[in-house]
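One structure is given below, encoded as structure tokens.
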There are 4 protein chains.
Amino acid sequence: MGTGKQPVIAAARSFSADAGENAVLARLRATRARTLALAASLSDADASAQSMPDASPAKWHLAHTSWFFETFVLRPHALGYHRFDPALDLLFNSYYESLGPRFTRAKRGLVTRPGLDVVRAYRAHVDEALDRAWDGFGIEALGLIELGIAHEEQHQELLLTDILHLFAENPLAPAVFAGACTLPFAGRDGVGVRSLPPPYTAPHRTPTQPSPQVGGLQEVSWIRRPGGIVRIGYHGPGFAFDAEGSAHDVSLQPYELADRLITNAEWEAFISDNGYARPLLWLSDGWAWVQREAIAQPLHWRDDGREFTLAGLRARDPDAPVAHVSYYEADAFATWAGARLPTETEWEAAAAEHDSHAGNQLDAAGPVAPRAGTGEMFGNCWQWTRSAFLPHPGYRAAAGAVGEYNGKFMSGQMVLKGGSCATPRGHMRASYRNFFPPSAGWQFTGLRLARDAA
Amino acid sequence: MGTGKQPVIAAARSFSADAGENAVLARLRATRARTLALAASLSDADASAQSMPDASPAKWHLAHTSWFFETFVLRPHALGYHRFDPALDLLFNSYYESLGPRFTRAKRGLVTRPGLDVVRAYRAHVDEALDRAWDGFGIEALGLIELGIAHEEQHQELLLTDILHLFAENPLAPAVFAGACTLPFAGRDGVGVRSLPPPYTAPHRTPTQPSPQVGGLQEVSWIRRPGGIVRIGYHGPGFAFDAEGSAHDVSLQPYELADRLITNAEWEAFISDNGYARPLLWLSDGWAWVQREAIAQPLHWRDDGREFTLAGLRARDPDAPVAHVSYYEADAFATWAGARLPTETEWEAAAAEHDSHAGNQLDAAGPVAPRAGTGEMFGNCWQWTRSAFLPHPGYRAAAGAVGEYNGKFMSGQMVLKGGSCATPRGHMRASYRNFFPPSAGWQFTGLRLARDAA
Amino acid sequence: MGTGKQPVIAAARSFSADAGENAVLARLRATRARTLALAASLSDADASAQSMPDASPAKWHLAHTSWFFETFVLRPHALGYHRFDPALDLLFNSYYESLGPRFTRAKRGLVTRPGLDVVRAYRAHVDEALDRAWDGFGIEALGLIELGIAHEEQHQELLLTDILHLFAENPLAPAVFAGACTLPFAGRDGVGVRSLPPPYTAPHRTPTQPSPQVGGLQEVSWIRRPGGIVRIGYHGPGFAFDAEGSAHDVSLQPYELADRLITNAEWEAFISDNGYARPLLWLSDGWAWVQREAIAQPLHWRDDGREFTLAGLRARDPDAPVAHVSYYEADAFATWAGARLPTETEWEAAAAEHDSHAGNQLDAAGPVAPRAGTGEMFGNCWQWTRSAFLPHPGYRAAAGAVGEYNGKFMSGQMVLKGGSCATPRGHMRASYRNFFPPSAGWQFTGLRLARDAA
Amino acid sequence: MGTGKQPVIAAARSFSADAGENAVLARLRATRARTLALAASLSDADASAQSMPDASPAKWHLAHTSWFFETFVLRPHALGYHRFDPALDLLFNSYYESLGPRFTRAKRGLVTRPGLDVVRAYRAHVDEALDRAWDGFGIEALGLIELGIAHEEQHQELLLTDILHLFAENPLAPAVFAGACTLPFAGRDGVGVRSLPPPYTAPHRTPTQPSPQVGGLQEVSWIRRPGGIVRIGYHGPGFAFDAEGSAHDVSLQPYELADRLITNAEWEAFISDNGYARPLLWLSDGWAWVQREAIAQPLHWRDDGREFTLAGLRARDPDAPVAHVSYYEADAFATWAGARLPTETEWEAAAAEHDSHAGNQLDAAGPVAPRAGTGEMFGNCWQWTRSAFLPHPGYRAAAGAVGEYNGKFMSGQMVLKGGSCATPRGHMRASYRNFFPPSAGWQFTGLRLARDAA
């Protein structure tokens with residue numbers, strides 16, 4: 001199909017006054033460095049491949065985020081800037097509608113040239129130019145840089161999930177981050193092993209630890225929330241994407257929210273109870289999807305009880321939050337559990353009281369994964385809501401190219417909240433609106449149950 | 001694809017106390033008679049064909065509505081009822097998930113037996129049994145009969161739009177209702193014409209009347225509506241589908257609603273202004289749809305300025321509301337016009353003050369069509385809203401088979417309000433929620449613009 | 001997909017001198033009458049439906065064969081002929097390439113008007129005109145009439161196999177020819193049955209007779225044939241399709257041909273031996289087809305041991321020739337049996353000594369089917385050869401419209417020889433070349449084994 | 001679709017007695033070295049990508065040919081051989097039917113690990129082992145090595161055409177062999193260019209040289225060939241693939257063969273004469289293909305008059321043979337030209353008198369391309385015949401794994417003869433049978449006309 005999610009090149013509300021220039025520079029450098037670090041273990045081929053139309057090659061993420069700074073910051077705001085190579089516009093801008101008919105998003109994996117080394121050179125070129133021009137940037141440029149940082153943070157998460165999806169297709173199941181692998185090579189003849197370069201990591205041979213059989217949903221504590229008028233949408237002074245606004249009042253009925261995400265063990269109970277084979281649990285479109293694609297477990301789960309992770313194949317932790325489930329799956333699970341998914345509004349009202357920078361979110365490059373823990377509101381897995389991604393009241397697309405496409409994805413997508421283990425720490429807000437089609441599962445997506453208050 | 005819209009077998013809230021038994025019987029008989037009248041001009045072949053997976057043969061509508069009364073009213077509530085033929089369950093119930101893998105919805109057009117005459121006999125058999133058993137029906141049966149009436153009214157509209165879609169595929173463009181055709185046969189040799197039976201109607205040769213060129217959107221009057229807390233969803237005493245509840249408060253910001261639907265002339269201006277070729281006007285999924293399906297005008301419009309109607313090919317009335325546009329088209333038009341579609345809530349709050357039984361709605365069988373007129377809130381064309389079809393707060397599916405599937409379509413569909421020229425008069429309510437996928441255009445679907453209040 | 005087989009509007013070599021005018025007239029009348037008889041039990045809906053893109057509605061066959069005589073005989077050769085209705089050209093000529101883009105072959109089933117009665121009137125109109133003009137026809141017209149007869153005979157076979165395919169899709173499995181059904185209705189309530197019209201036939205309830213388990217291929221007698229130079233292709237004085245020529249010499253190596261077709265019992269042995277699950281038995285394309293379409297038995301076989309026939313569901317006769325197998329299946333069977341399919345040349349050389357009008361071929365309208373018997377070379381089932389349908393040496397397409405498309409199907413199709421139980425008796429010749437894509441199974445297609453001479 | 005052509009792992013008839021052991025060793029080393037040289041300019045990403053299901057990554061060709069020697073020669077015939085890595089079997093054997101369902105041929109481009117360096121190490125490991133074990137090889141091993149050499153030569157041609165197809169998808173149109181590029185970088189800013197590594201080659205800016213307008217087919221000399229009995233199929237003492245046998249007599253009618261291939265200029269005349277838009281010129285399947293895929297010129301031709309080659313975008317030489325045309329195109333051209341394609345037999349009979357090692361065939365790695373020239377029977381472009389790829393009389397698949405799949409492609413493919421500029425010199429024979437589906441154009445495929453002798 002191909003409603004590929006496209007990280008939104010969304011307009012900042014405005015440059016946030018409290019973010020000093022130096023703080024922005026430091027964040028810019030840290031962000032740019034982390035993108036490189038996330039891709040450090042990738043070969044030229046790894047970085048060039050595309051596992052499905054909705055994903056992009058790592059190389060594309062590396063280049064496109066640089067193209068963004070070149071196009072929106074350096075060219076208009078850095079006097080005397082020399083472009084790296086104008087031919088790259090064709091490849092790395094994402095306004096693909098206006099390009100020729102042959103170079104479609106689905107074919108990004110065929111662009112093996114320029115190679116990863118050229119793309120790294122492109123990044124260095126842009127970084128150096130940003131540094132050199134820094135002192136001349138005015139308030140408008142700084143606002144765009146803040147937007148560029150947020151934009152690149154979005155691509156960092158996509159880079160991780162896209163590369164995870166790619167490596168999951170490899171029958172040898174190599175790890176993206178091999179340092180996490182401590183097992184010796186086993187079961188191979190002597191000769192070949194020596195010639196293998198470090199990034200070539202064998203699948204783990206850890207015997208599967210079957211999860212303890214559970215009878216169904218384990219104990220959940222429900223947090224009761226009152227109804228009434230609450231204010232929703234971004235209404236702070238700092239940076240936010242335009243789809244988070246405008247702030248507005250909504251009227252809520254009393255409801256209850258689970259105090260934690262659904263776990264792997266609970267998902268196994270759903271499977272054991274034949275959850276994937278009972279049409280009455282599923283939305284009509286979801287049931288058609290399950291049958292057409294022969295879905296029987298979350299993406300990246302394997303039949304032997306393991307799951308494919310950024311560290312390769314691993315035994316599943318029964319207590320960790322389940323990840324890589326689609327909206328269809330999350331909704332069916334909630335129905336099976338006698339509950340429902342929260343609305344965006346319910347979730348956001350509850351989250352307003354929590355620290356959006358806490359929890360299991362991305363700090364440094366490495367094999368991040370959801371972790372069993374304390375049940376923070378943020379982090380670990382994006383949480384599907386039962387709300388479609390539609391404009392907030394008063395929403396206005398930003399003017400000009402940066403805002404050109406803000407609202408174009410407001411069709412056929414569901415809202416996710418809260419960020420994940422792959423979301424750069426600092427990126428998240430209660431009002432943040434992620435969105436994906438209901439069949440998408442390649443992000444770190446999980447669920448938290450809700451129910452009407454008695 | 002095939003998320004076929006399925007008229008919901010939805011539970012009544014309850015039997016409405018104010019509808020006396022006799023009134024129900026009268027409505028039942030009138031409804032059953034009208035269904036037959038709608039199909040009166042159809043041949044056995046007309047009634048058996050299926051033009052696309054989302055549509056059903058007329059024969060299927062005729063039989064399925066009878067199967068509904070047989071299954072939910074007669075078998076449980078009419079002592080000694082003899083079934084017409086149990087083999088028909090396989091064909092005419094719509095719980096197709098549990099049937100075998102070969103008889104899919106998409107193949108309904110291949111079931112040429114039983115023929116139209118047998119299906120009519122089935123209807124007569126059921127009608128007679130309902131009449132005979134009437135005096136013994138209790139409150140539960142009457143509630144189910146009221147539900148059956150509403151269910152059959154939904155199928156009346158689908159029967160009309162499905163048969164319109166079928167006839168539109170015929171290169172000879174025959175009229176469904178031929179009485180409307182007054183032109184003589186022209187341009188044929190003498191021999192064949194005499195042998196043509198009455199239902200075989202020649203396409204009109206009326207010279208096309210080009211619509212006056214307009215510069216864009218014609219004058220629209222905007223009705224300003226205040227913000228504040230309004231009560232939404234069904235909260236009356238009578239019948240309603242369960243998805244209309246529960247009633248709940250919403251908080252609205254001030255907004256403005258156009259006093260009429262968009263017209264054919266305005267749509268022609270959109271086309272003249274290259275509306276179908278400008279990606280920036282379209283949602284991302286909508287633009288993909290336009291390109292994949294080569295969409296360049298509303299469904300049933302022809303290049304020669306005519307449109308295909310239930311009365312055959314007709315010159316378009318520039319002042320009549322445009323029909324058969326998809327959500328994607330309606331949204332793009334609104335963007336082009338500098339406005340937006342209303343939300344379901346905005347529409348419903350405004351409509352509460354109008355008579356939902358007024359306007360151009362279906363009374364008797366015939367070649368209904370949107371008409372230029374006075375701008376009633378109801379009738380003429382279903383009005384796309386920018387709201388996804390999702391559960392109202394507190395929504396609960398009804399128990400048992402009749403409620404089995406109520407919520408299963410709450411994914412990937414947009415809400416439409418207001419009814420159309422093909423909606424049986426009396427069926428409509430302000431809280432009524434119709435829904436279709438955003439690409440669907442074979443219903444009488446149009447649009448009314450909205451905008452934020454200044 | 002859609003390489004729909006199109007009965008070739010092929011040029012006669014010439015009008016066959018030995019066929020007297022009167023004999024041609026008698027054959028014309030008999031042929032036209034038989035077409036009507038084949039469709040006599042069909043309802044308007046039966047005759048209008050199309051079960052797949054490769055098939056055509058019965059109504060289309062009835063009309064197209066009349067259009068042929070109107071277009072190629074009456075209009076050029078019958079002075080003062082009045083056309084039935086020129087609008088029908090759009091529907092019933094098969095030169096669809098030059099028509100508009102919307103009316104494709106795959107949508108023939110949506111043309112419910114004109115109805116079956118109008119098409120019958122069209123036939124009567126053409127028949128009457130042919131009769132009236134008969135005395136004025138010259139040698140050219142008579143040649144075209146002979147071609148028209150052969151053309152209509154081809155469509156008679158397609159009409160039968162297309163309608164069989166349509167009825168096989170009906171979950172109620174009605175019989176095309178109901179007279180063959182002698183079982184009473186069982187298991188139905190009293191009311192409905194009485195109201196069923198005669199053509200509505202219940203599926204048979206005959207208890208399945210399991211075929212005797214066989215260990216594999218039953219005894220086959222091999223007829224040894226010498227090698228050497230043989231003359232192949234049509235070289236007689238009478239009528240033949242142009243693809244049968246030109247006659248030419250081929251050099252054969254000695255070979256052996258089975259004295260009979262493969263039977264149902266032998267095919268069951270192939271299934272029991274896991275034949276559909278062993279990739280090494282299959283051509284690469286055939287294996288992909290088996291997996292993609294989930295093929296596990298011949299078309300029209302049912303899991304309960306019965307098969308769907310023109311007389312409805314019937315127990316399979318273990319000794320009857322297997323029918324409705326594709327080339328892929330026939331080739332896999334031959335490999336499994338340690339043999340191979342014959343080449344067209346091998347088959348034709350052997351058949352030259354047999355009576356091409358003998359065997360189980362179509363005489364009168366009725367529920368024809370392959371029959372256990374004496375092993376004639378002709379009739380029962382078309383026999384797949386391992387030869388592609390390519391031009392004979394010296395082949396030349398006929399001039400003018402009738403020969404326009406003769407060679408256009410010479411790609412991607414395999415040759416079948418010998419005719420079937422649905423081939424009108426008198427139509428067949430040893431040089432006759434039928435052809436279908438290798439996945440086609442809806443004709444009466446079977447196989448005869450061959451092997452190299454030791 | 002995906003009937004991917006798979007270079008046949010075909011059994012040698014026998015080890016050819018006249019090829020001395022030393023000669024075989026020399027050919028083995030030269031062949032292995034040339035494969036490496038063909039891939040020398042490829043980056044890791046280049047070698048890992050797959051442009052369509054029918055193509056394979058260069059890395060796969062490099063590894064699979066080594067796996068062949070490891071599996072069929074070293075493991076059974078080299079005592080004490082240590083495997084490089086058994087895990088690679090899963091990736092690099094081509095008996096994919098028996099593998100798990102997830103690793104399909106179409107996903108070879110997602111296997112980014114092992115990388116190109118590991119695959120090169122694998123090759124070195126196998127080469128070294130072959131050298132070390134050489135003195136111990138017996139006649140059976142030598143026969144398999146000869147087969148392995150022929151097998152690797154087939155993959156050399158596929159490697160070149162697959163990588164050409166991949167690079168053609170890159171909007172920057174990089175050259176595979178950049179040494180051929182002598183133009184300076186133009187139109188770029190200074191900064192980026194310096195950082196581009198050598199393999200990153202700019203598209204040529206050579207102004208297009210429009211071909212001289214021709215009125216149609218240029219002068220062709222026809223070589224008349226007598227009819228009679230000729231011996232066809234391999235009947236020499238040396239190596240041949242089993243599908244080339246057995247040798248057998250065929251009877252030919254007199255015919256004429258063009259003395260050269262059709263040129264680019266002649267193909268342009270076909271286009272100018274509207275050849276791609278005239279359905280009567282095309283086979284039915286070919287016309288469907290032209291419309292479905294919007295084909296309007298040969299693969300790799302560009303609208304600006306250039307073509308994409310192994311040396312990047314180049315002006316077309318009007319006198320060079322046209323390449324990259326499918327069978328459908330070749331057949332349509334021949335019809336347009338009033339001629340036809342030769343049969344395999346006609347071609348082979350004529351070619352028997354020519355030197356199959358002469359002409360423009362592959363010697364050393366480099367940007368090979370068809371060249372205007374003297375009209376040799378062999379080389380430049382594979383020549384489509386009008387013969388389907390079906391077994392010769394007496395054909396028998398070789399026993400065991402090497403012969404397992406010899407005949408499985410004998411369905412849906414047409415025979416090509418004569419080799420191309422990408423066929424390793426020495427590989428070709430008059431009896432050699434290449435085959436591809438009729439829509440395939442990514443090989444160097446062209447045509448030579450034939451006609452019946454007057």
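Scheme for the structure tokens: letters A, B, ... for chains in order shown; per-chain residue numbers from 1; ligand numbers from 1 in order shown.
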> Counting only C-alpha atoms, which residues from chain B have an atom at most 9 Å from any atom of chain A, and could you show them as a ChimeraX atom specification?
Replying inline: /B:2-3,97-98,229,248-253,279-286,288,328,386-391,393-394,404-405,407-413,438,452
> Skipping near chain neighbours, those fewer than 4 positions away, what residues fall within 9 Å of region 346-359 of chain D using only C-alpha atoms, listed as a PyMOL selection string?
Replying inline: chain D and resi 225+230-233+252+255-257+342+374-380+385+417-421+425-432+450
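For Ala39 (chain C), the set of protein, DNA and RNA residues having any atom at most 9 Å away, when counting only C-alpha atoms and skipping those fewer than 2 positions along the same chain, is C:Arg34, C:Thr35, C:Leu36, C:Ala37, C:Ser41, C:Leu42, C:Ser43, C:Ala47, C:Ala58, C:Lys59, C:Leu62, C:Leu159, C:Leu160, C:Ala365.
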Give me, as a PDB file with all heavy atoms, in the first residue's frame, all polymer residues having an atom no more than 8 Å from Phe69 (chain B), counting only C-alpha atoms and skipping those fewer than 6 positions away in the same chain.
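Result went into result-v4.pdb, see below:
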ATOM      1  N   VAL B 126     -42.177 -14.383   4.276  1.00  0.00           N
ATOM      2  CA  VAL B 126     -41.827 -13.722   5.539  1.00  0.00           C
ATOM      3  C   VAL B 126     -42.889 -12.682   5.900  1.00  0.00           C
ATOM      4  O   VAL B 126     -43.329 -12.591   7.052  1.00  0.00           O
ATOM      5  CB  VAL B 126     -40.426 -13.083   5.443  1.00  0.00           C
ATOM      6  CG1 VAL B 126     -40.183 -12.097   6.586  1.00  0.00           C
ATOM      7  CG2 VAL B 126     -39.352 -14.166   5.431  1.00  0.00           C
ATOM      8  N   ILE B 145     -38.483  -5.725  15.678  1.00  0.00           N
ATOM      9  CA  ILE B 145     -39.122  -5.320  14.421  1.00  0.00           C
ATOM     10  C   ILE B 145     -38.768  -3.865  14.100  1.00  0.00           C
ATOM     11  O   ILE B 145     -38.454  -3.535  12.947  1.00  0.00           O
ATOM     12  CB  ILE B 145     -40.648  -5.514  14.508  1.00  0.00           C
ATOM     13  CG1 ILE B 145     -40.951  -7.010  14.454  1.00  0.00           C
ATOM     14  CG2 ILE B 145     -41.369  -4.767  13.400  1.00  0.00           C
ATOM     15  CD1 ILE B 145     -42.363  -7.370  14.842  1.00  0.00           C
ATOM     16  N   GLY B 148     -35.495  -3.998  12.727  1.00  0.00           N
ATOM     17  CA  GLY B 148     -35.545  -4.557  11.385  1.00  0.00           C
ATOM     18  C   GLY B 148     -35.995  -3.535  10.356  1.00  0.00           C
ATOM     19  O   GLY B 148     -35.525  -3.529   9.219  1.00  0.00           O
TER      20      GLY B 148
END
